[in-house]
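S.K.: Pasting a structure here, questions to come.
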Amino acid sequence: MWKIEDHFKVRIGGNTYIDTPNIVVYKGQSLFTLKRHSDNDYLGIYFEIYDDAGKHIASVKRNEIYYGDKDAFTIDGSLNRYIFSERASGRVICDIKKREDAHPAELDVSVQLYTPDGFLFNATPDETNLGGIVMRGNTFANCGAAIAIG
C-alpha cells in the first residue's frame, strides 16, 4: 500500500528537498505528491504533466510515466530511469532517476510542465526556473511548503 510520506530526500530541478511534503504549491495545490510503499519502503512521486496549451499529456504515478499519444511522445525506460520526450523534436519533458541513479537522493527528477492555466514550472537537471527566478543548488528541509506560488 502506498501512503503519503513525510520523511524523504529528493532532488527536483537541481534543488534538494528533505522532509518537505509540499515541494511546490501553485494556487493552493501541491504539484508533486510523494508516497512510500509500506512493504518495500520504496518512494514514489506523483504529478501531472500539461503542455503550454493546458492539454494533459501524461501522468506520473509511483515514478512511472503514463501517456496516451504514442505518436507524439515516447518513453525510454530502464529499472532506474524513465525519460519522457517529444518525438518530433527529441525534447526531454520529464526525466526520473531512481534507486542508485538518484544517489544520494531517493529520486532525482527534472520536468518541464505547465499547469492547466499555463504557468510553467521548468525544472532542468541543474536548476529550477520560475517566472524569471533561477534556483540552483538549494536545500529545503522540514518546510511546510518549499515553494509557494499564487
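Identifiers in the C-alpha cells: chain A, B, ... in order shown; residue index from 1 per chain; ligand index from 1 in order shown.
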How would you write, as a PDB file with N, CA and C atoms, in the first residue's frame, the set of residues in chain A that DSSP gives as helix (DSSP H, G or I)?
M.R.:
```pdb
ATOM      1  N   ARG A  99      16.444   4.909  -7.414  1.00  0.00           N
ATOM      2  CA  ARG A  99      17.395   3.961  -6.848  1.00  0.00           C
ATOM      3  C   ARG A  99      18.822   4.522  -6.927  1.00  0.00           C
ATOM      4  N   GLU A 100      19.784   3.713  -7.349  1.00  0.00           N
ATOM      5  CA  GLU A 100      21.180   4.171  -7.346  1.00  0.00           C
ATOM      6  C   GLU A 100      21.457   5.283  -8.359  1.00  0.00           C
ATOM      7  N   ASP A 101      20.639   5.415  -9.396  1.00  0.00           N
ATOM      8  CA  ASP A 101      20.828   6.518 -10.355  1.00  0.00           C
ATOM      9  C   ASP A 101      20.510   7.879  -9.739  1.00  0.00           C
ATOM     10  N   ALA A 102      19.754   7.895  -8.646  1.00  0.00           N
ATOM     11  CA  ALA A 102      19.378   9.144  -7.985  1.00  0.00           C
ATOM     12  C   ALA A 102      20.282   9.483  -6.805  1.00  0.00           C
TER      13      ALA A 102
END
```
S.K.: Got a sec: who's within 12 Å of Ile49 in chain A, counting only C-alpha atoms, leaving out chain neighbours fewer than 6 positions off, as a ChimeraX atom specification?
M.R.: /A:31-32,55-61,65-68,84-85,93-94,110-116,118-122
S.K.: Would you export the selected residues with N, CA and C atoms as a PDB file, in the first residue's frame, please?
M.R.:
```pdb
ATOM      1  N   LEU A  31       1.922  20.550  -6.531  1.00  0.00           N
ATOM      2  CA  LEU A  31       2.181  19.982  -7.858  1.00  0.00           C
ATOM      3  C   LEU A  31       2.729  18.563  -7.779  1.00  0.00           C
ATOM      4  N   PHE A  32       3.391  18.228  -6.674  1.00  0.00           N
ATOM      5  CA  PHE A  32       4.006  16.907  -6.514  1.00  0.00           C
ATOM      6  C   PHE A  32       3.526  16.269  -5.217  1.00  0.00           C
ATOM      7  N   LYS A  55      -3.232  21.248 -22.221  1.00  0.00           N
ATOM      8  CA  LYS A  55      -3.676  19.888 -22.526  1.00  0.00           C
ATOM      9  C   LYS A  55      -2.883  18.886 -21.684  1.00  0.00           C
ATOM     10  N   HIS A  56      -3.602  17.969 -21.051  1.00  0.00           N
ATOM     11  CA  HIS A  56      -2.956  16.937 -20.243  1.00  0.00           C
ATOM     12  C   HIS A  56      -2.243  15.955 -21.175  1.00  0.00           C
ATOM     13  N   ILE A  57      -0.933  15.763 -20.965  1.00  0.00           N
ATOM     14  CA  ILE A  57      -0.193  14.863 -21.858  1.00  0.00           C
ATOM     15  C   ILE A  57       0.355  13.627 -21.160  1.00  0.00           C
ATOM     16  N   ALA A  58       0.471  13.670 -19.820  1.00  0.00           N
ATOM     17  CA  ALA A  58       0.987  12.488 -19.119  1.00  0.00           C
ATOM     18  C   ALA A  58       0.709  12.585 -17.622  1.00  0.00           C
ATOM     19  N   SER A  59       0.712  11.420 -16.986  1.00  0.00           N
ATOM     20  CA  SER A  59       0.622  11.323 -15.530  1.00  0.00           C
ATOM     21  C   SER A  59       1.816  10.535 -15.037  1.00  0.00           C
ATOM     22  N   VAL A  60       2.353  10.947 -13.906  1.00  0.00           N
ATOM     23  CA  VAL A  60       3.419  10.193 -13.254  1.00  0.00           C
ATOM     24  C   VAL A  60       2.828   9.633 -11.975  1.00  0.00           C
ATOM     25  N   LYS A  61       2.919   8.317 -11.833  1.00  0.00           N
ATOM     26  CA  LYS A  61       2.407   7.620 -10.653  1.00  0.00           C
ATOM     27  C   LYS A  61       3.434   6.573 -10.252  1.00  0.00           C
ATOM     28  N   ILE A  65       5.654   6.704 -15.862  1.00  0.00           N
ATOM     29  CA  ILE A  65       5.006   7.701 -16.702  1.00  0.00           C
ATOM     30  C   ILE A  65       3.940   7.021 -17.556  1.00  0.00           C
ATOM     31  N   TYR A  66       2.734   7.569 -17.509  1.00  0.00           N
ATOM     32  CA  TYR A  66       1.607   7.062 -18.287  1.00  0.00           C
ATOM     33  C   TYR A  66       1.169   8.157 -19.254  1.00  0.00           C
ATOM     34  N   TYR A  67       1.072   7.818 -20.534  1.00  0.00           N
ATOM     35  CA  TYR A  67       0.715   8.813 -21.534  1.00  0.00           C
ATOM     36  C   TYR A  67      -0.155   8.175 -22.604  1.00  0.00           C
ATOM     37  N   GLY A  68      -0.891   9.009 -23.331  1.00  0.00           N
ATOM     38  CA  GLY A  68      -1.834   8.493 -24.313  1.00  0.00           C
ATOM     39  C   GLY A  68      -1.373   8.599 -25.749  1.00  0.00           C
ATOM     40  N   PHE A  84      10.795  10.742 -20.621  1.00  0.00           N
ATOM     41  CA  PHE A  84       9.611  11.022 -21.422  1.00  0.00           C
ATOM     42  C   PHE A  84       9.951  12.187 -22.343  1.00  0.00           C
ATOM     43  N   SER A  85       9.838  11.975 -23.666  1.00  0.00           N
ATOM     44  CA  SER A  85      10.235  13.027 -24.597  1.00  0.00           C
ATOM     45  C   SER A  85       9.260  13.155 -25.760  1.00  0.00           C
ATOM     46  N   ILE A  93      10.900  16.012 -21.789  1.00  0.00           N
ATOM     47  CA  ILE A  93       9.885  16.669 -20.976  1.00  0.00           C
ATOM     48  C   ILE A  93      10.033  16.267 -19.516  1.00  0.00           C
ATOM     49  N   CYS A  94      10.361  15.009 -19.279  1.00  0.00           N
ATOM     50  CA  CYS A  94      10.488  14.520 -17.907  1.00  0.00           C
ATOM     51  C   CYS A  94      11.558  13.436 -17.843  1.00  0.00           C
ATOM     52  N   SER A 110      13.736  15.784 -13.192  1.00  0.00           N
ATOM     53  CA  SER A 110      13.691  17.032 -13.952  1.00  0.00           C
ATOM     54  C   SER A 110      12.431  16.954 -14.809  1.00  0.00           C
ATOM     55  N   VAL A 111      11.758  18.093 -14.944  1.00  0.00           N
ATOM     56  CA  VAL A 111      10.496  18.095 -15.681  1.00  0.00           C
ATOM     57  C   VAL A 111      10.174  19.500 -16.157  1.00  0.00           C
ATOM     58  N   GLN A 112       9.600  19.570 -17.341  1.00  0.00           N
ATOM     59  CA  GLN A 112       9.063  20.829 -17.849  1.00  0.00           C
ATOM     60  C   GLN A 112       7.564  20.609 -17.947  1.00  0.00           C
ATOM     61  N   LEU A 113       6.845  21.213 -17.007  1.00  0.00           N
ATOM     62  CA  LEU A 113       5.400  21.043 -17.020  1.00  0.00           C
ATOM     63  C   LEU A 113       4.705  22.377 -16.869  1.00  0.00           C
ATOM     64  N   TYR A 114       3.533  22.427 -17.417  1.00  0.00           N
ATOM     65  CA  TYR A 114       2.670  23.590 -17.285  1.00  0.00           C
ATOM     66  C   TYR A 114       1.501  23.194 -16.401  1.00  0.00           C
ATOM     67  N   THR A 115       0.939  24.168 -15.713  1.00  0.00           N
ATOM     68  CA  THR A 115      -0.310  23.936 -15.001  1.00  0.00           C
ATOM     69  C   THR A 115      -1.434  24.081 -16.029  1.00  0.00           C
ATOM     70  N   PRO A 116      -2.640  23.637 -15.708  1.00  0.00           N
ATOM     71  CA  PRO A 116      -3.729  23.771 -16.680  1.00  0.00           C
ATOM     72  C   PRO A 116      -3.990  25.217 -17.123  1.00  0.00           C
ATOM     73  N   GLY A 118      -1.589  27.408 -17.657  1.00  0.00           N
ATOM     74  CA  GLY A 118      -0.472  27.889 -18.459  1.00  0.00           C
ATOM     75  C   GLY A 118       0.781  28.326 -17.718  1.00  0.00           C
ATOM     76  N   PHE A 119       0.819  28.195 -16.393  1.00  0.00           N
ATOM     77  CA  PHE A 119       2.020  28.557 -15.641  1.00  0.00           C
ATOM     78  C   PHE A 119       3.091  27.490 -15.868  1.00  0.00           C
ATOM     79  N   LEU A 120       4.311  27.906 -16.213  1.00  0.00           N
ATOM     80  CA  LEU A 120       5.409  26.976 -16.498  1.00  0.00           C
ATOM     81  C   LEU A 120       6.246  26.716 -15.251  1.00  0.00           C
ATOM     82  N   PHE A 121       6.397  25.449 -14.903  1.00  0.00           N
ATOM     83  CA  PHE A 121       7.349  25.006 -13.887  1.00  0.00           C
ATOM     84  C   PHE A 121       8.424  24.258 -14.655  1.00  0.00           C
ATOM     85  N   ASN A 122       9.614  24.851 -14.761  1.00  0.00           N
ATOM     86  CA  ASN A 122      10.695  24.290 -15.558  1.00  0.00           C
ATOM     87  C   ASN A 122      11.838  23.881 -14.638  1.00  0.00           C
TER      88      ASN A 122
END
```
S.K.: Near range 69-75 of chain A, within 7 Å and counting only C-alpha atoms, which residues show up once chain neighbours fewer than 6 positions away are dropped, as an MDAnalysis selection string?
M.R.: chainID A and resid 82:88
S.K.: Just give me the gap between CA of Asp108 in chain A and CA of Ala146 in chain A in Å, one decimal is fine.
M.R.: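 Between these atoms lies a distance of 16.4 Å.
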S.K.: Could you build a table of the residues in range 8-49 of chain A lying no more than 12 Å from range 125-137 of chain A, giving for each the nearest pair of atoms and their separation in Å rounded to one decimal place, using only C-alpha atoms, ordered by chain and ascending residue number, as CSV?
M.R.:
```
residue,atom,partner,partner_atom,distance
A:Arg11,CA,A:Pro125,CA,9.0
A:Ile12,CA,A:Pro125,CA,7.5
A:Gly13,CA,A:Glu127,CA,4.8
A:Gly14,CA,A:Asp126,CA,4.1
A:Asn15,CA,A:Gly137,CA,5.0
A:Thr16,CA,A:Gly137,CA,7.3
A:Tyr17,CA,A:Gly137,CA,10.6
A:Val24,CA,A:Leu130,CA,10.7
A:Tyr26,CA,A:Leu130,CA,11.3
```
S.K.: Just write the chosen residues, N, CA, C and O atoms, as a tab-separated table (two decimals), in the first residue's frame.
M.R.:
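Final output, saved to part_8.tsv:
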```
chain	number	residue	atom	x	y	z
A	11	ARG	N	15.60	15.15	-5.13
A	11	ARG	CA	16.18	16.26	-5.87
A	11	ARG	C	15.27	16.53	-7.06
A	11	ARG	O	14.96	15.62	-7.83
A	12	ILE	N	14.80	17.77	-7.17
A	12	ILE	CA	13.95	18.16	-8.29
A	12	ILE	C	14.52	19.46	-8.84
A	12	ILE	O	14.69	20.43	-8.11
A	13	GLY	N	14.83	19.45	-10.12
A	13	GLY	CA	15.33	20.66	-10.76
A	13	GLY	C	16.57	21.23	-10.12
A	13	GLY	O	16.68	22.44	-9.95
A	14	GLY	N	17.53	20.38	-9.76
A	14	GLY	CA	18.80	20.85	-9.22
A	14	GLY	C	18.76	21.31	-7.78
A	14	GLY	O	19.75	21.81	-7.25
A	15	ASN	N	17.62	21.16	-7.12
A	15	ASN	CA	17.46	21.55	-5.72
A	15	ASN	C	17.04	20.32	-4.91
A	15	ASN	O	16.36	19.44	-5.42
A	16	THR	N	17.44	20.29	-3.64
A	16	THR	CA	17.16	19.14	-2.78
A	16	THR	C	16.06	19.49	-1.79
A	16	THR	O	16.05	20.57	-1.20
A	17	TYR	N	15.15	18.54	-1.62
A	17	TYR	CA	14.02	18.70	-0.71
A	17	TYR	C	14.06	17.55	0.30
A	17	TYR	O	14.01	16.39	-0.10
A	24	VAL	N	6.27	22.06	-4.25
A	24	VAL	CA	5.81	23.25	-4.96
A	24	VAL	C	4.30	23.32	-4.84
A	24	VAL	O	3.60	22.38	-5.21
A	26	TYR	N	1.09	25.53	-6.05
A	26	TYR	CA	0.65	26.54	-7.00
A	26	TYR	C	-0.84	26.80	-6.78
A	26	TYR	O	-1.65	25.87	-6.91
```
S.K.: Quick one: residues within 12 Å of Ala141 in chain A, only C-alpha atoms, excluding same-chain residues fewer than 3 positions away - as a list in words?
M.R.: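 Residues meeting the cut-off are Asp6, His7, Phe8, Lys9, Val10, Arg11, Asn15, Thr16, Tyr17, Ile18, Asp19, Thr20, Pro21, Asn22, Ile23, Asn138, Gly144, Ala145, Ala146 and Ile147 of chain A.
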S.K.: Which of chain A end up as strand (DSSP E or B) when DSSP is run on this backbone - answer as a ChimeraX atom specification?
M.R.: /A:2-4,9-12,15-18,22-26,29-30,33-37,43-50,56-61,64-67,73-77,81-86,92-98,107-114,120-123,128-130,133-135,139-141,145-149
S.K.: What is the CA of Glu5 in chain A-CA of Tyr46 in chain A distance in Å, reported with one decimal?
M.R.: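 Here the two named atoms are 11.8 Å from each other.
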S.K.: Pick out the closest residue to Tyr50 in chain A from this set: A:Asn63, A:Phe140, A:Ile149, A:Asp117. Count only C-alpha atoms.
M.R.: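 Answer, going by the shortest atom-to-atom distance: A:Asp117.
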S.K.: What does the distance from CA of His37 in chain A to CA of Met1 in chain A come to in Å, to one decimal?
M.R.: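 Spanning CA of His37 in chain A to CA of Met1 in chain A is a straight-line distance of 5.5 Å.
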S.K.: Go through A:His103, A:Gly28, A:Arg62, A:Ala53 one by one, measure the shortest atom-to-atom distance of each to Ile4 in chain A using only C-alpha atoms, and give the residue with the smallest value.
M.R.: A:Arg62
S.K.: If we count only C-alpha atoms, what is near Lys3 in chain A at a cut-off of 9 Å, once residues fewer than 5 positions away on the same chain are taken out, given as a compact mmCIF listing (two decimals) with all heavy atoms, in the first residue's frame?
M.R.:
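Output file out-v2.txt follows:
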```
# COMPACT_ATOMS: atom_id res chain seq x y z
N LEU A 34 4.47 12.82 -2.76
CA LEU A 34 5.38 11.71 -2.52
C LEU A 34 4.70 10.70 -1.62
O LEU A 34 4.13 11.06 -0.59
CB LEU A 34 6.68 12.22 -1.88
CG LEU A 34 7.50 13.08 -2.84
CD1 LEU A 34 8.48 13.93 -2.08
CD2 LEU A 34 8.22 12.20 -3.84
N LYS A 35 4.79 9.42 -2.03
CA LYS A 35 4.21 8.33 -1.25
C LYS A 35 5.25 7.22 -1.13
O LYS A 35 6.05 7.02 -2.02
CB LYS A 35 2.95 7.79 -1.93
CG LYS A 35 1.81 8.79 -2.02
CD LYS A 35 0.58 8.15 -2.65
CE LYS A 35 -0.55 9.15 -2.76
NZ LYS A 35 -1.76 8.52 -3.35
N ARG A 36 5.17 6.52 -0.01
CA ARG A 36 6.10 5.41 0.23
C ARG A 36 5.31 4.11 0.33
O ARG A 36 4.25 4.07 0.96
CB ARG A 36 6.90 5.65 1.51
CG ARG A 36 8.06 4.67 1.65
CD ARG A 36 8.97 4.99 2.80
NE ARG A 36 9.60 6.29 2.75
CZ ARG A 36 10.68 6.61 2.04
NH1 ARG A 36 11.24 5.71 1.25
NH2 ARG A 36 11.20 7.83 2.11
N HIS A 37 5.85 3.06 -0.27
CA HIS A 37 5.20 1.75 -0.20
C HIS A 37 5.49 1.12 1.15
O HIS A 37 6.65 1.05 1.58
CB HIS A 37 5.69 0.85 -1.34
CG HIS A 37 4.82 -0.33 -1.56
ND1 HIS A 37 4.88 -1.45 -0.79
CD2 HIS A 37 3.83 -0.53 -2.47
CE1 HIS A 37 3.98 -2.32 -1.21
NE2 HIS A 37 3.32 -1.78 -2.23
N SER A 38 4.45 0.68 1.82
CA SER A 38 4.61 0.16 3.18
C SER A 38 5.36 -1.17 3.24
O SER A 38 5.98 -1.48 4.26
CB SER A 38 3.24 0.01 3.86
OG SER A 38 2.41 -0.83 3.09
```
